>>> print(open('work.pdb').read())   # PDB, C-alpha atoms
MODEL        1
ATOM      1  CA  MET A   1     -21.086 106.544 -99.927
ATOM      2  CA  ARG A   2     -20.262 108.011 -96.661
ATOM      3  CA  PRO A   3     -23.898 108.226 -95.467
ATOM      4  CA  ILE A   4     -24.343 104.524 -96.379
ATOM      5  CA  PHE A   5     -21.174 103.614 -94.495
ATOM      6  CA  ILE A   6     -22.334 105.542 -91.419
ATOM      7  CA  ALA A   7     -25.758 103.866 -91.717
ATOM      8  CA  LEU A   8     -24.109 100.426 -91.896
ATOM      9  CA  ILE A   9     -21.957 101.182 -88.865
ATOM     10  CA  ALA A  10     -25.043 102.439 -87.022
ATOM     11  CA  VAL A  11     -26.979  99.270 -87.953
ATOM     12  CA  ALA A  12     -24.010  97.094 -86.883
ATOM     13  CA  CYS A  13     -23.758  98.969 -83.548
ATOM     14  CA  LEU A  14     -27.506  98.607 -83.094
ATOM     15  CA  ASN A  15     -27.261  94.862 -83.827
ATOM     16  CA  ILE A  16     -24.395  94.514 -81.357
ATOM     17  CA  ALA A  17     -26.385  96.488 -78.761
ATOM     18  CA  LEU A  18     -29.429  94.229 -79.347
ATOM     19  CA  VAL A  19     -27.302  91.063 -79.022
ATOM     20  CA  VAL A  20     -25.692  92.367 -75.806
ATOM     21  CA  ALA A  21     -29.095  93.376 -74.399
ATOM     22  CA  GLY A  22     -30.562  89.976 -75.364
ATOM     23  CA  TRP A  23     -27.652  88.131 -73.783
ATOM     24  CA  PHE A  24     -27.896  90.252 -70.617
ATOM     25  CA  GLY A  25     -31.678  89.671 -70.453
ATOM     26  CA  TYR A  26     -31.246  85.929 -70.987
ATOM     27  CA  SER A  27     -28.553  85.646 -68.295
ATOM     28  CA  ALA A  28     -30.592  87.812 -65.912
ATOM     29  CA  MET A  29     -33.666  85.584 -66.484
ATOM     30  CA  ALA A  30     -31.584  82.444 -65.928
ATOM     31  CA  SER A  31     -30.213  83.795 -62.645
ATOM     32  CA  ARG A  32     -33.736  84.860 -61.581
ATOM     33  CA  LYS A  33     -35.017  81.356 -62.349
ATOM     34  CA  ALA A  34     -32.201  79.872 -60.289
ATOM     35  CA  GLU A  35     -33.020  82.245 -57.421
ATOM     36  CA  ALA A  36     -36.721  81.404 -57.730
ATOM     37  CA  SER A  37     -35.919  77.692 -57.650
ATOM     38  CA  THR A  38     -33.735  78.144 -54.566
ATOM     39  CA  LEU A  39     -36.435  80.209 -52.877
ATOM     40  CA  ARG A  40     -39.082  77.538 -53.674
ATOM     41  CA  GLU A  41     -36.836  74.885 -52.111
ATOM     42  CA  GLN A  42     -36.332  77.060 -49.035
ATOM     43  CA  VAL A  43     -40.078  77.675 -48.723
ATOM     44  CA  MET A  44     -40.784  73.944 -49.024
ATOM     45  CA  ALA A  45     -38.114  73.175 -46.403
ATOM     46  CA  GLU A  46     -39.626  75.822 -44.106
ATOM     47  CA  LYS A  47     -43.121  74.363 -44.587
ATOM     48  CA  LEU A  48     -41.756  70.903 -43.758
ATOM     49  CA  ARG A  49     -40.074  72.252 -40.606
ATOM     50  CA  ALA A  50     -43.277  74.038 -39.606
ATOM     51  CA  SER A  51     -45.255  70.836 -40.139
ATOM     52  CA  GLN A  52     -42.752  68.800 -38.130
ATOM     53  CA  SER A  53     -42.752  71.437 -35.397
ATOM     54  CA  SER A  54     -46.540  71.390 -35.276
ATOM     55  CA  ARG A  55     -46.593  67.578 -35.052
ATOM     56  CA  LEU A  56     -43.925  67.667 -32.358
ATOM     57  CA  GLN A  57     -45.922  70.198 -30.353
ATOM     58  CA  ASP A  58     -49.033  68.005 -30.672
ATOM     59  CA  THR A  59     -47.048  64.970 -29.537
ATOM     60  CA  LEU A  60     -45.638  66.894 -26.573
ATOM     61  CA  LYS A  61     -49.163  67.962 -25.587
ATOM     62  CA  GLU A  62     -50.337  64.334 -25.756
ATOM     63  CA  VAL A  63     -47.360  63.179 -23.700
ATOM     64  CA  ALA A  64     -47.955  65.884 -21.094
ATOM     65  CA  ALA A  65     -51.617  64.902 -20.861
ATOM     66  CA  SER A  66     -50.844  61.206 -20.474
ATOM     67  CA  ARG A  67     -47.898  61.736 -18.086
ATOM     68  CA  ALA A  68     -50.271  62.366 -15.167
ATOM     69  CA  GLN A  69     -52.118  59.142 -15.964
ATOM     70  CA  LEU A  70     -48.856  57.245 -16.282
ATOM     71  CA  ASN A  71     -47.597  58.528 -12.945
ATOM     72  CA  GLU A  72     -50.537  56.776 -11.257
ATOM     73  CA  TYR A  73     -48.996  53.447 -12.238
ATOM     74  CA  LEU A  74     -45.381  54.222 -11.454
ATOM     75  CA  TYR A  75     -44.299  53.568  -7.910
ATOM     76  CA  GLU A  76     -41.550  55.282  -5.956
ATOM     77  CA  ASN A  77     -39.041  53.395  -3.817
ATOM     78  CA  SER A  78     -40.923  54.328  -0.653
ATOM     79  CA  ASP A  79     -42.989  52.640   2.036
ATOM     80  CA  GLU A  80     -46.001  54.749   1.063
ATOM     81  CA  ASP A  81     -45.937  53.546  -2.538
ATOM     82  CA  GLY A  82     -45.306  49.959  -1.447
ATOM     83  CA  LEU A  83     -48.360  50.214   0.782
ATOM     84  CA  ARG A  84     -50.333  51.770  -2.076
ATOM     85  CA  PHE A  85     -49.536  48.762  -4.284
ATOM     86  CA  VAL A  86     -50.520  46.313  -1.516
ATOM     87  CA  LYS A  87     -53.836  48.158  -1.086
ATOM     88  CA  GLU A  88     -54.492  47.985  -4.834
ATOM     89  CA  ILE A  89     -53.950  44.215  -4.781
ATOM     90  CA  GLU A  90     -56.314  43.956  -1.794
ATOM     91  CA  VAL A  91     -58.932  45.949  -3.720
ATOM     92  CA  LEU A  92     -58.593  43.484  -6.621
ATOM     93  CA  ALA A  93     -59.120  40.627  -4.153
ATOM     94  CA  LYS A  94     -62.252  42.250  -2.671
ATOM     95  CA  THR A  95     -63.595  43.002  -6.150
ATOM     96  CA  THR A  96     -63.322  39.363  -7.182
ATOM     97  CA  GLY A  97     -64.405  37.836  -3.871
ATOM     98  CA  VAL A  98     -61.174  36.015  -2.994
ATOM     99  CA  ASN A  99     -59.355  36.055   0.333
ATOM    100  CA  VAL A 100     -55.784  37.256   0.055
ATOM    101  CA  THR A 101     -53.071  36.887   2.661
ATOM    102  CA  ILE A 102     -49.812  38.721   2.109
ATOM    103  CA  SER A 103     -46.907  36.853   3.650
ATOM    104  CA  GLY A 104     -44.175  39.256   2.605
ATOM    105  CA  ALA A 105     -43.713  42.499   0.696
ATOM    106  CA  ASP A 106     -40.560  44.550   0.209
ATOM    107  CA  PHE A 107     -38.444  46.424  -2.317
ATOM    108  CA  VAL A 108     -35.686  44.201  -3.699
ATOM    109  CA  GLY A 109     -32.583  45.090  -5.701
ATOM    110  CA  THR A 110     -30.936  48.375  -6.506
ATOM    111  CA  PRO A 111     -31.775  50.963  -9.173
ATOM    112  CA  PRO A 112     -32.217  50.553 -12.090
ATOM    113  CA  ASN A 113     -33.192  46.925 -11.314
ATOM    114  CA  LEU A 114     -35.380  47.771  -8.331
ATOM    115  CA  THR A 115     -38.584  45.730  -7.930
ATOM    116  CA  PHE A 116     -41.289  45.358  -5.317
ATOM    117  CA  HIS A 117     -41.525  41.686  -4.379
ATOM    118  CA  MET A 118     -44.717  40.354  -2.783
ATOM    119  CA  ALA A 119     -45.755  36.821  -1.748
ATOM    120  CA  LEU A 120     -49.499  36.076  -1.670
ATOM    121  CA  HIS A 121     -51.787  33.258  -0.617
ATOM    122  CA  ILE A 122     -55.214  33.415  -2.275
ATOM    123  CA  ASP A 123     -58.299  31.339  -1.339
ATOM    124  CA  GLY A 124     -61.655  31.247  -3.095
ATOM    125  CA  THR A 125     -63.729  29.599  -5.762
ATOM    126  CA  LEU A 126     -61.968  28.722  -8.973
ATOM    127  CA  THR A 127     -64.145  31.237 -10.838
ATOM    128  CA  ASN A 128     -63.196  34.032  -8.429
ATOM    129  CA  ILE A 129     -59.520  33.046  -8.517
ATOM    130  CA  ASN A 130     -59.664  33.129 -12.330
ATOM    131  CA  GLN A 131     -61.222  36.629 -12.226
ATOM    132  CA  PHE A 132     -58.498  37.775  -9.813
ATOM    133  CA  MET A 133     -55.758  36.436 -12.094
ATOM    134  CA  ARG A 134     -57.342  38.133 -15.122
ATOM    135  CA  LEU A 135     -57.369  41.440 -13.245
ATOM    136  CA  LEU A 136     -53.688  40.921 -12.407
ATOM    137  CA  GLU A 137     -52.992  40.328 -16.111
ATOM    138  CA  THR A 138     -54.635  43.633 -17.021
ATOM    139  CA  PHE A 139     -53.174  45.578 -14.090
ATOM    140  CA  PRO A 140     -51.782  48.790 -15.623
ATOM    141  CA  ALA A 141     -48.379  48.532 -13.917
ATOM    142  CA  ARG A 142     -45.746  46.116 -15.184
ATOM    143  CA  LEU A 143     -45.980  42.879 -13.170
ATOM    144  CA  VAL A 144     -44.071  39.603 -13.387
ATOM    145  CA  VAL A 145     -45.257  36.397 -11.692
ATOM    146  CA  PRO A 146     -42.102  34.331 -11.092
ATOM    147  CA  SER A 147     -43.870  31.531  -9.163
ATOM    148  CA  PHE A 148     -47.397  30.234  -9.125
ATOM    149  CA  SER A 149     -48.869  27.161  -7.437
ATOM    150  CA  LEU A 150     -52.546  26.160  -7.583
ATOM    151  CA  GLN A 151     -54.075  23.723  -5.076
ATOM    152  CA  LEU A 152     -57.542  22.415  -5.925
ATOM    153  CA  GLY A 153     -59.984  21.951  -3.073
ATOM    154  CA  ALA A 154     -63.441  20.479  -2.685
ATOM    155  CA  ASN A 155     -66.604  21.988  -4.210
ATOM    156  CA  ASP A 156     -64.886  23.981  -6.953
ATOM    157  CA  THR A 157     -62.608  25.868  -4.563
ATOM    158  CA  GLY A 158     -58.882  26.289  -4.548
ATOM    159  CA  SER A 159     -55.921  28.270  -3.325
ATOM    160  CA  ILE A 160     -52.900  29.813  -4.965
ATOM    161  CA  GLU A 161     -49.415  30.509  -3.675
ATOM    162  CA  LEU A 162     -48.212  33.386  -5.802
ATOM    163  CA  THR A 163     -45.256  35.763  -5.924
ATOM    164  CA  ILE A 164     -45.477  39.045  -7.786
ATOM    165  CA  ASN A 165     -42.655  41.349  -8.823
ATOM    166  CA  LEU A 166     -43.702  44.902  -9.566
ATOM    167  CA  LEU A 167     -41.282  46.282 -12.141
ATOM    168  CA  SER A 168     -42.877  49.734 -12.492
ATOM    169  CA  VAL A 169     -40.687  51.187  -9.745
ATOM    170  CA  ARG A 170     -38.794  54.347 -10.445
ATOM    171  CA  GLU A 171     -35.789  55.507  -8.554
ATOM    172  CA  THR A 172     -36.514  58.132  -5.941
ATOM    173  CA  ARG A 173     -34.477  61.163  -6.794
ATOM    174  CA  PRO A 174     -32.473  62.675  -3.918
ATOM    175  CA  ALA A 175     -33.405  66.171  -2.831
ATOM    176  CA  ALA A 176     -31.434  68.940  -4.506
ATOM    177  CA  THR A 177     -28.681  70.452  -2.432
ATOM    178  CA  VAL A 178     -27.624  74.058  -2.403
ATOM    179  CA  ASN A 179     -23.936  74.732  -2.935
ATOM    180  CA  GLU A 180     -22.551  77.494  -0.765
TER     181      GLU A 180
ENDMDL
END
>>> encode(input="work.pdb", output="structure tokens")
Amino acid sequence: MRPIFIALIAVACLNIALVVAGWFGYSAMASRKAEASTLREQVMAEKLRASQSSRLQDTLKEVAASRAQLNEYLYENSDEDGLRFVKEIEVLAKTTGVNVTISGADFVGTPPNLTFHMALHIDGTLTNINQFMRLLETFPARLVVPSFSLQLGANDTGSIELTINLLSVRETRPAATVNE
């Protein structure tokens, strides 16, 4: 009877060992699955960040490329840039065949509400005046026309009294100073 009792105890210990090993394996697999799930989430989050970073870098490259083009149409609060704008309006007038007379041009206001105000008198055919006004509408800088008066003349001619406010004026930054 004793060998049977020892065999039963051995089988019971073996069963207990198998149950403990199975439970340990199951819990280890569950924790590995949880770790794998966490790692998958981290990898997906990292891929999303990499994608966003890549898109941001592309956007920054596009902005840097277009910044030079944009700077052409932004004017500083300076006589040189005011003169540059006047010359561009005169080029539009020559292009369309109208005569333009500028009766006043100056920077008005204070930053951030600084504008370049210009009063114009334009003479020409109605077709040419229309072309000039269309070019003003498509001018790449931001313009506002606060007053406009058209006088019709003989033989399909006319004249316009016009004021233009250039809003694409940026504040001139003061030179950096060195602290001693």
>>> axis_aligned_box(input="work.pdb", around="segment 24-30 of chain A", padding_each_side="4 Å", output="lines of an AutoDock Vina configuration file")
center_x = -30.8
center_y = 86.3
center_z = -68.4
size_x = 13.8
size_y = 15.8
size_z = 13.1
>>> closest_residue(input="work.pdb", among="A:Gln57, A:Ser37, A:Thr101, A:Thr96", to="Asn130 of chain A", atoms="only C-alpha atoms")
A:Thr96
>>> residues_near_point(input="work.pdb", point="(-44.8, 38.6, -14.0)", cutoff="9 Å", atoms="all atoms listed in the file", output="VMD selection string")
chain A and resid 137 142 to 147 163 to 167
>>> write_last_selection(input="work.pdb", atoms="C-alpha atoms", output="PDB file, in the frame of the given file")
ATOM      1  CA  GLU A 137     -52.992  40.328 -16.111  1.00  0.00           C
ATOM      2  CA  ARG A 142     -45.746  46.116 -15.184  1.00  0.00           C
ATOM      3  CA  LEU A 143     -45.980  42.879 -13.170  1.00  0.00           C
ATOM      4  CA  VAL A 144     -44.071  39.603 -13.387  1.00  0.00           C
ATOM      5  CA  VAL A 145     -45.257  36.397 -11.692  1.00  0.00           C
ATOM      6  CA  PRO A 146     -42.102  34.331 -11.092  1.00  0.00           C
ATOM      7  CA  SER A 147     -43.870  31.531  -9.163  1.00  0.00           C
ATOM      8  CA  THR A 163     -45.256  35.763  -5.924  1.00  0.00           C
ATOM      9  CA  ILE A 164     -45.477  39.045  -7.786  1.00  0.00           C
ATOM     10  CA  ASN A 165     -42.655  41.349  -8.823  1.00  0.00           C
ATOM     11  CA  LEU A 166     -43.702  44.902  -9.566  1.00  0.00           C
ATOM     12  CA  LEU A 167     -41.282  46.282 -12.141  1.00  0.00           C
TER      13      LEU A 167
END
>>> residues_around(input="work.pdb", residues="Ser149 of chain A", least_positions_apart="3", cutoff="8 Å", atoms="all atoms listed in the file", output="list in words")
Ile160, Glu161 and Leu162 of chain A
>>> closest_residue(input="work.pdb", among="A:Leu56, A:Leu126, A:Ala64, A:Leu114", to="Ser78 of chain A", atoms="all atoms listed in the file")
A:Leu114
>>> atom_distance(input="work.pdb", atom1="atom CA of Asp79 of chain A", atom2="atom CA of Ile122 of chain A")
23.2 Å
>>> atom_distance(input="work.pdb", atom1="atom CA of Met44 of chain A", atom2="atom CA of Lys61 of chain A")
25.6 Å
>>> closest_residue(input="work.pdb", among="A:Arg2, A:Asp123, A:Phe116, A:Lys94", to="Leu74 of chain A", atoms="all atoms listed in the file")
A:Phe116
>>> closest_residue(input="work.pdb", among="A:Ser27, A:Thr115, A:Asn15, A:Thr127", to="Gly82 of chain A", atoms="only C-alpha atoms")
A:Thr115
>>> closest_residue(input="work.pdb", among="A:Ala105, A:Asn77, A:Leu120, A:Asn128", to="Phe148 of chain A", atoms="only C-alpha atoms")
A:Leu120
>>> atom_distance(input="work.pdb", atom1="atom CA of Thr59 of chain A", atom2="atom CA of Glu46 of chain A")
19.6 Å
>>> resolve_selection(input="work.pdb", expression="the PyMOL selection byres ((chain A and resi 140) around 12)", output="JSON, numbers by chain")
{"A": [69, 70, 71, 72, 73, 74, 75, 85, 88, 89, 135, 136, 137, 138, 139, 141, 142, 143, 166, 167, 168]}
>>> closest_residue(input="work.pdb", among="A:Gln52, A:Ser159, A:Gln131, A:Thr38", to="Val100 of chain A", atoms="only C-alpha atoms")
A:Ser159
>>> residues_around(input="work.pdb", residues="Thr157 of chain A", least_positions_apart="4", cutoff="7 Å", atoms="only C-alpha atoms", output="PyMOL selection string")
chain A and resi 124-126+152-153
>>> write_last_selection(input="work.pdb", atoms="C-alpha atoms", output="PDB file, keeping the file's coordinate frame")
ATOM      1  CA  GLY A 124     -61.655  31.247  -3.095  1.00  0.00           C
ATOM      2  CA  THR A 125     -63.729  29.599  -5.762  1.00  0.00           C
ATOM      3  CA  LEU A 126     -61.968  28.722  -8.973  1.00  0.00           C
ATOM      4  CA  LEU A 152     -57.542  22.415  -5.925  1.00  0.00           C
ATOM      5  CA  GLY A 153     -59.984  21.951  -3.073  1.00  0.00           C
TER       6      GLY A 153
END
